[in-house]
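Here the structure is laid out as structure tokens; the discussion comes afterwards.
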Amino acid sequence: MTERVFLLPDLGEGLAEAEIVQWRVAVGDIVTVDQTVVEVETAKAVVDVPCPYAGRVVALHGVAGEVRPVGQPLITVAEPVAGCADGTEPPGHTVYREEERAGSGNVLIGYGTGRGDSRRRRRRTTTAPYVSGNGAPLAGHAAEGTRPGAGRPSVVADRAPGTTPPLVISPIVRRLARERGVDLTAVRGSGPGGVVRRADVEAVASHVAGVTADVRGSTGLSALPAPSAEPPAGADAATSGTRDLVIPLTGIRRTIADKLSRSRREIPEVTIWVDVDATALVQTRAAINAARPDRQVSILALLARICLSGLHRYPQLNARVDTEGQRIIQSTGVHLGIAAQTDRGLVVPVLRDAERLTTTELAAELAATTAAARAGELPPTRLTGGTFTLNNYGVFGVDGSTPIINHPEAALLGVGRIVDKPWVVDGQLAVRKVVQLSLTFDHRVCDGGVAGGFLRHVADCVEQPALLIATV
């Protein structure tokens, strides 16, 4: 047979590596051209990777949780030979070619290239034995599909034959299960269609808290080695009973950390804020939705429209600083970023050329984009290239914040919760819907006059939505 090796492709946006989330195929499966074979997580999104070759899978290079560099082998496929449409070899041929001897340093089929720079490796979860050229299990390999070195502690337990794979969508749920020592095959999902959620994993982990690794193994949960921790000076580590939880910075969490750190290092940011009477804005939204119940508009969409009006008047904030070229670049279009909290961390999906959308279109795009971001379905191109960010931290029940600018942008508008508060109206005390707005801006692109003018314009439009109509 002719074997073809598919390399991890360039996933765009300068991404140099990806973590394998889960394989969609196994050794021995028949694949077709452009069939999805693996799900990987980059620093920006979860991506389904299709294979450009058809044939029988003879090797998977890497296991779930392993980080693979772009351009390195991902999967090896044997093209079908003449007379064997299903990709099998003619009678008399072995199922796999034994290309190595134990200890030779060559590739064990199904275990990748054995590169030393892989960051995390786990025990294979398949139940298929390793087969030598004569059809017998390789020496030292048990029939349940272990591999050399399988006696080492494993991060996940091998799945029993016939076990149905758990329904898990979020990579953070898988990571949480690994960190807490929970076997996902033993978890009953409470989500739609039986999807395992974070709360399900935490409930199981809490239930078995304090139980030893041996007990966890006997109850069907993985025997995860407890994270090591340095005990305090003079303390007895054997009796202290405490362990630090070690959470590696990988994937999108590492990208968030790097980006926020860079923002704080490079941008001299300033935050200003104002309390605003949002009663009229809430009433305006109710009137719009009553008139068009089939096309609902959110408060966030109205705030986005107001931001676009403010950026039209103060374009200095729709910019970025080119430090190498020593220049400020003002963008022609407004690529509006919307901060969204997801199971994978904080992401900022971008609505490109948002100023061209009507308010109703803005509402629809915001709803669709944030839903796709939380589901991890946005491509990397939708998570970069923003010129201004709108951050609604009021959904967390807080009034104010001094958020970090989404580098390399120059400004970010934060919105707190809308809550009933006493307010003076025409000299009389009244109960009104009040919200705190904050603007964090890069002091290199403008001074306080521009920033204050923008925030005051936004506040005026919130208090008197009619002003927005006059400026659109």
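By order of appearance in the structure tokens: chains A, B, ..., then residues from 1 within every chain, and ligands from 1 in the order shown.
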
Checklist entry - Near His457 of chain A, counting only C-alpha atoms, which residues have an atom at most 7 Å away, once you skip same-chain residues fewer than 4 positions from it, shown as a PyMOL selection string? => result chain A and resi 310+453+461

Export, as a PDB file, in the first residue's frame, the selected residues with N, CA, C and O atoms.
```
ATOM      1  N   GLY A 310     -20.747  57.425  18.801  1.00  0.00           N
ATOM      2  CA  GLY A 310     -19.657  58.140  19.467  1.00  0.00           C
ATOM      3  C   GLY A 310     -18.339  58.035  18.719  1.00  0.00           C
ATOM      4  O   GLY A 310     -17.578  59.005  18.652  1.00  0.00           O
ATOM      5  N   GLY A 453     -15.276  63.631  26.060  1.00  0.00           N
ATOM      6  CA  GLY A 453     -16.323  63.970  25.104  1.00  0.00           C
ATOM      7  C   GLY A 453     -17.042  62.738  24.593  1.00  0.00           C
ATOM      8  O   GLY A 453     -18.276  62.725  24.446  1.00  0.00           O
ATOM      9  N   CYS A 461     -26.754  59.988  25.115  1.00  0.00           N
ATOM     10  CA  CYS A 461     -27.622  59.160  24.264  1.00  0.00           C
ATOM     11  C   CYS A 461     -28.354  58.099  25.073  1.00  0.00           C
ATOM     12  O   CYS A 461     -29.483  57.716  24.739  1.00  0.00           O
TER      13      CYS A 461
END
```

Next on the checklist: Among segment 347-464 of chain A, which residues does DSSP mark as helix (DSSP H, G or I) when it is run on the backbone? Keep the chain and numbering as in the structure and answer as a VMD selection string.
Outcome noted: chain A and resid 354 to 356 359 to 374 380 to 383 393 to 396 448 to 463

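Picture a line from atom CA of Glu19 of chain A to atom CA of Val49 of chain A; it runs 11.9 Å.
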
Checklist entry - In Å, with one decimal, what is the gap from atom CA of Gln464 of chain A to atom CA of Thr279 of chain A? => result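 A separation of 9.2 Å between them.
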
Checklist entry - Which of these residues is nearest to Glu463 of chain A, using only C-alpha atoms: A:Val334, A:Val434, A:Ile299, A:Ala410? => result A:Val434

Name all residues at most 8 Å from segment 347-354 of chain A (count only C-alpha atoms; drop same-chain ones fewer than 6 positions away) and give them as a PDB file with N, CA, C and O atoms, in the first residue's frame.
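In the end it all went to selection14.pdb:
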```pdb
ATOM      1  N   LEU A 308     -21.154  53.266  18.267  1.00  0.00           N
ATOM      2  CA  LEU A 308     -20.825  53.552  16.878  1.00  0.00           C
ATOM      3  C   LEU A 308     -21.030  55.034  16.561  1.00  0.00           C
ATOM      4  O   LEU A 308     -20.254  55.650  15.833  1.00  0.00           O
ATOM      5  N   GLY A 333     -13.190  51.622   9.105  1.00  0.00           N
ATOM      6  CA  GLY A 333     -14.392  50.931   9.581  1.00  0.00           C
ATOM      7  C   GLY A 333     -14.276  50.602  11.057  1.00  0.00           C
ATOM      8  O   GLY A 333     -13.180  50.529  11.619  1.00  0.00           O
ATOM      9  N   VAL A 334     -15.422  50.407  11.698  1.00  0.00           N
ATOM     10  CA  VAL A 334     -15.448  50.030  13.108  1.00  0.00           C
ATOM     11  C   VAL A 334     -15.650  48.519  13.193  1.00  0.00           C
ATOM     12  O   VAL A 334     -16.717  48.009  12.842  1.00  0.00           O
ATOM     13  N   HIS A 335     -14.623  47.839  13.634  1.00  0.00           N
ATOM     14  CA  HIS A 335     -14.711  46.396  13.847  1.00  0.00           C
ATOM     15  C   HIS A 335     -14.941  46.202  15.346  1.00  0.00           C
ATOM     16  O   HIS A 335     -14.005  46.191  16.147  1.00  0.00           O
ATOM     17  N   LEU A 336     -16.208  46.054  15.696  1.00  0.00           N
ATOM     18  CA  LEU A 336     -16.631  46.112  17.090  1.00  0.00           C
ATOM     19  C   LEU A 336     -16.439  44.767  17.783  1.00  0.00           C
ATOM     20  O   LEU A 336     -17.035  43.760  17.386  1.00  0.00           O
ATOM     21  N   GLY A 337     -15.604  44.755  18.819  1.00  0.00           N
ATOM     22  CA  GLY A 337     -15.419  43.550  19.624  1.00  0.00           C
ATOM     23  C   GLY A 337     -16.406  43.519  20.778  1.00  0.00           C
ATOM     24  O   GLY A 337     -16.694  44.545  21.394  1.00  0.00           O
ATOM     25  N   ILE A 338     -16.930  42.330  21.048  1.00  0.00           N
ATOM     26  CA  ILE A 338     -17.876  42.136  22.145  1.00  0.00           C
ATOM     27  C   ILE A 338     -17.272  41.122  23.107  1.00  0.00           C
ATOM     28  O   ILE A 338     -17.137  39.940  22.774  1.00  0.00           O
ATOM     29  N   ALA A 339     -16.901  41.561  24.297  1.00  0.00           N
ATOM     30  CA  ALA A 339     -16.316  40.655  25.281  1.00  0.00           C
ATOM     31  C   ALA A 339     -17.365  39.629  25.705  1.00  0.00           C
ATOM     32  O   ALA A 339     -18.486  39.986  26.077  1.00  0.00           O
ATOM     33  N   ALA A 340     -17.003  38.346  25.629  1.00  0.00           N
ATOM     34  CA  ALA A 340     -17.943  37.268  25.954  1.00  0.00           C
ATOM     35  C   ALA A 340     -17.249  36.246  26.846  1.00  0.00           C
ATOM     36  O   ALA A 340     -16.159  35.767  26.527  1.00  0.00           O
ATOM     37  N   GLN A 341     -17.885  35.913  27.957  1.00  0.00           N
ATOM     38  CA  GLN A 341     -17.356  34.903  28.861  1.00  0.00           C
ATOM     39  C   GLN A 341     -17.807  33.530  28.384  1.00  0.00           C
ATOM     40  O   GLN A 341     -18.996  33.301  28.155  1.00  0.00           O
ATOM     41  N   LEU A 362     -27.672  44.655  14.057  1.00  0.00           N
ATOM     42  CA  LEU A 362     -26.696  44.567  15.144  1.00  0.00           C
ATOM     43  C   LEU A 362     -27.151  43.574  16.213  1.00  0.00           C
ATOM     44  O   LEU A 362     -26.364  42.746  16.693  1.00  0.00           O
ATOM     45  N   GLU A 365     -26.804  39.997  14.888  1.00  0.00           N
ATOM     46  CA  GLU A 365     -25.403  39.594  14.793  1.00  0.00           C
ATOM     47  C   GLU A 365     -24.789  39.374  16.178  1.00  0.00           C
ATOM     48  O   GLU A 365     -24.007  38.443  16.382  1.00  0.00           O
ATOM     49  N   LEU A 366     -25.144  40.236  17.117  1.00  0.00           N
ATOM     50  CA  LEU A 366     -24.621  40.081  18.471  1.00  0.00           C
ATOM     51  C   LEU A 366     -25.071  38.754  19.078  1.00  0.00           C
ATOM     52  O   LEU A 366     -24.270  38.027  19.674  1.00  0.00           O
ATOM     53  N   THR A 369     -23.338  35.807  17.185  1.00  0.00           N
ATOM     54  CA  THR A 369     -21.889  35.760  17.384  1.00  0.00           C
ATOM     55  C   THR A 369     -21.527  35.312  18.794  1.00  0.00           C
ATOM     56  O   THR A 369     -20.633  34.481  18.982  1.00  0.00           O
ATOM     57  N   THR A 370     -22.199  35.839  19.802  1.00  0.00           N
ATOM     58  CA  THR A 370     -21.885  35.436  21.173  1.00  0.00           C
ATOM     59  C   THR A 370     -22.263  33.983  21.419  1.00  0.00           C
ATOM     60  O   THR A 370     -21.556  33.269  22.141  1.00  0.00           O
ATOM     61  N   ALA A 373     -19.543  31.944  19.869  1.00  0.00           N
ATOM     62  CA  ALA A 373     -18.312  32.044  20.668  1.00  0.00           C
ATOM     63  C   ALA A 373     -18.382  31.138  21.887  1.00  0.00           C
ATOM     64  O   ALA A 373     -17.406  30.444  22.219  1.00  0.00           O
ATOM     65  N   LEU A 378     -16.470  29.627  16.522  1.00  0.00           N
ATOM     66  CA  LEU A 378     -15.968  30.715  15.688  1.00  0.00           C
ATOM     67  C   LEU A 378     -14.566  30.414  15.189  1.00  0.00           C
ATOM     68  O   LEU A 378     -13.715  29.950  15.959  1.00  0.00           O
ATOM     69  N   ARG A 382     -12.506  35.359  13.295  1.00  0.00           N
ATOM     70  CA  ARG A 382     -13.585  36.119  13.928  1.00  0.00           C
ATOM     71  C   ARG A 382     -13.213  36.592  15.318  1.00  0.00           C
ATOM     72  O   ARG A 382     -14.006  37.283  15.969  1.00  0.00           O
ATOM     73  N   LEU A 383     -12.046  36.215  15.795  1.00  0.00           N
ATOM     74  CA  LEU A 383     -11.641  36.578  17.148  1.00  0.00           C
ATOM     75  C   LEU A 383     -10.476  37.561  17.167  1.00  0.00           C
ATOM     76  O   LEU A 383      -9.880  37.804  18.215  1.00  0.00           O
ATOM     77  N   THR A 384     -10.148  38.106  16.010  1.00  0.00           N
ATOM     78  CA  THR A 384      -9.050  39.067  15.922  1.00  0.00           C
ATOM     79  C   THR A 384      -9.461  40.227  15.031  1.00  0.00           C
ATOM     80  O   THR A 384     -10.451  40.156  14.301  1.00  0.00           O
ATOM     81  N   GLY A 385      -8.678  41.303  15.082  1.00  0.00           N
ATOM     82  CA  GLY A 385      -8.893  42.424  14.185  1.00  0.00           C
ATOM     83  C   GLY A 385      -9.854  43.468  14.674  1.00  0.00           C
ATOM     84  O   GLY A 385     -10.269  44.350  13.907  1.00  0.00           O
ATOM     85  N   GLY A 386     -10.237  43.440  15.954  1.00  0.00           N
ATOM     86  CA  GLY A 386     -11.150  44.443  16.482  1.00  0.00           C
ATOM     87  C   GLY A 386     -10.479  45.810  16.590  1.00  0.00           C
ATOM     88  O   GLY A 386      -9.256  45.914  16.724  1.00  0.00           O
ATOM     89  N   THR A 389     -13.779  47.796  21.718  1.00  0.00           N
ATOM     90  CA  THR A 389     -14.472  46.712  22.423  1.00  0.00           C
ATOM     91  C   THR A 389     -15.556  47.259  23.346  1.00  0.00           C
ATOM     92  O   THR A 389     -15.363  48.273  24.020  1.00  0.00           O
TER      93      THR A 389
END
```

Hey, could you make a per-residue contact list for segment 292-379 of chain A against segment 283-286 of chain A with 10 Å as the cut-off, showing the nearest pair of atoms and its distance in Å to one decimal, counting only C-alpha atoms, sorted by chain and number, as JSON lines?
```
{"residue": "A:Arg292", "atom": "CA", "partner": "A:Ala286", "partner_atom": "CA", "distance": 10.0}
{"residue": "A:Pro293", "atom": "CA", "partner": "A:Ala286", "partner_atom": "CA", "distance": 9.9}
{"residue": "A:Gln296", "atom": "CA", "partner": "A:Arg285", "partner_atom": "CA", "distance": 8.8}
{"residue": "A:Val297", "atom": "CA", "partner": "A:Arg285", "partner_atom": "CA", "distance": 6.7}
{"residue": "A:Ser298", "atom": "CA", "partner": "A:Arg285", "partner_atom": "CA", "distance": 7.1}
{"residue": "A:Ile299", "atom": "CA", "partner": "A:Arg285", "partner_atom": "CA", "distance": 6.8}
{"residue": "A:Ala301", "atom": "CA", "partner": "A:Arg285", "partner_atom": "CA", "distance": 9.7}
{"residue": "A:Leu302", "atom": "CA", "partner": "A:Arg285", "partner_atom": "CA", "distance": 7.8}
```

What would the file look like if the residues just selected were written as a short mmCIF file (atom, residue, chain, number, x, y, z; two decimals), in the first residue's frame with all heavy atoms?
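Output below, filename part09.cif:
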```
data_model
loop_
_atom_site.label_atom_id
_atom_site.label_comp_id
_atom_site.auth_asym_id
_atom_site.auth_seq_id
_atom_site.Cartn_x
_atom_site.Cartn_y
_atom_site.Cartn_z
N ARG A 292 -42.09 45.52 17.13
CA ARG A 292 -41.58 44.47 16.23
C ARG A 292 -41.22 43.25 17.07
O ARG A 292 -40.04 42.94 17.30
CB ARG A 292 -40.36 44.96 15.45
CG ARG A 292 -40.62 46.25 14.69
CD ARG A 292 -39.44 46.64 13.83
NE ARG A 292 -39.26 45.72 12.72
CZ ARG A 292 -38.33 45.88 11.77
NH1 ARG A 292 -37.51 46.93 11.82
NH2 ARG A 292 -38.20 45.02 10.78
N PRO A 293 -42.22 42.52 17.54
CA PRO A 293 -41.94 41.37 18.43
C PRO A 293 -41.15 40.26 17.75
O PRO A 293 -40.55 39.43 18.44
CB PRO A 293 -43.34 40.90 18.83
CG PRO A 293 -44.24 41.41 17.77
CD PRO A 293 -43.66 42.70 17.32
N GLN A 296 -36.44 41.15 18.01
CA GLN A 296 -36.15 41.76 19.30
C GLN A 296 -34.78 42.45 19.29
O GLN A 296 -33.82 41.99 18.65
CB GLN A 296 -36.19 40.71 20.39
CG GLN A 296 -37.57 40.06 20.57
CD GLN A 296 -38.56 41.00 21.20
OE1 GLN A 296 -38.46 41.34 22.38
NE2 GLN A 296 -39.54 41.43 20.42
N VAL A 297 -34.70 43.53 20.03
CA VAL A 297 -33.47 44.31 20.18
C VAL A 297 -33.06 44.30 21.64
O VAL A 297 -33.88 44.54 22.53
CB VAL A 297 -33.67 45.76 19.69
CG1 VAL A 297 -32.46 46.61 20.04
CG2 VAL A 297 -33.91 45.79 18.19
N SER A 298 -31.79 44.01 21.90
CA SER A 298 -31.28 43.96 23.27
C SER A 298 -30.73 45.32 23.69
O SER A 298 -30.43 46.18 22.86
CB SER A 298 -30.18 42.90 23.38
OG SER A 298 -29.08 43.26 22.57
N ILE A 299 -30.58 45.49 24.99
CA ILE A 299 -29.93 46.69 25.51
C ILE A 299 -28.50 46.78 24.98
O ILE A 299 -28.01 47.87 24.64
CB ILE A 299 -29.93 46.68 27.05
CG1 ILE A 299 -31.34 46.92 27.59
CG2 ILE A 299 -28.97 47.73 27.60
CD1 ILE A 299 -31.85 48.33 27.36
N ALA A 301 -27.40 45.77 22.13
CA ALA A 301 -27.43 46.25 20.75
C ALA A 301 -27.61 47.76 20.69
O ALA A 301 -26.99 48.44 19.86
CB ALA A 301 -28.55 45.55 19.98
N LEU A 302 -28.47 48.31 21.57
CA LEU A 302 -28.65 49.76 21.61
C LEU A 302 -27.36 50.46 22.06
O LEU A 302 -26.99 51.51 21.53
CB LEU A 302 -29.81 50.11 22.54
CG LEU A 302 -31.20 49.64 22.08
CD1 LEU A 302 -32.25 50.01 23.13
CD2 LEU A 302 -31.56 50.26 20.74
#
```

Next on the checklist: Need the shell around segment 275-277 of chain A: protein/DNA/RNA residues with any atom at most 7 Å away, counting only C-alpha atoms. Skip same-chain ones fewer than 4 positions apart. Format as a PyMOL selection string?
Outcome noted: chain A and resi 432-437+459+463

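The gap separating atom CA of Ser309 of chain A from atom CA of His443 of chain A is 21.1 Å, in Å to one decimal.
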
Checklist outcome for this item: Of A:Ala54, A:Ala375, A:Val274, A:Leu317, the one nearest to Val458 of chain A when counting only C-alpha atoms is A:Val274

Next on the checklist: Using only C-alpha atoms, which protein or nucleic acid residues come within 10 Å of Thr332 of chain A? Drop anything in the same chain fewer than 2 positions from it, and give the result as a list in words.
Outcome noted: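 That gives His312, Pro315, Asn318, Ala319, Ile329, Gln330, Val334, His335, Asp353 and Thr387 of chain A.
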
Next on the checklist: I want to know what sits within 10 Å of Arg262 of chain A, based on only C-alpha atoms, with residues of the same chain fewer than 5 positions away left out; could you give that as a PyMOL selection string?
Outcome noted: chain A and resi 256-257+267+406-408

Item to check | For Trp273 of chain A, the nearest of the candidates A:Pro248, A:Pro380, A:Gly397, A:Gly452, counting only C-alpha atoms | outcome: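 Selected residue with least distance to Trp273 of chain A: A:Gly452.
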
Checklist entry - Hey, which of A:Arg344, A:Arg327, A:Arg253, A:Arg417 ends up closest to Arg198 of chain A? Count only C-alpha atoms. => result A:Arg344

Checklist outcome for this item: Using only C-alpha atoms, the best pick from A:Arg4, A:Arg197, A:Arg356, A:Arg254 as closest to Arg305 of chain A would be A:Arg356

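Residues in contact with Glu41 of chain A at up to 8 Å, not including ones fewer than 5 positions away on its chain and judged by only C-alpha atoms, are A:Ala18, A:Glu19, A:Ile20, A:Val21, A:Val46, A:Val47, A:Pro171, A:Gly251.
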
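Distances to Val201 of chain A were evaluated for A:Gly181, A:Pro403, A:Gly448, A:Pro379 using only C-alpha atoms, and the minimum falls at A:Gly181.
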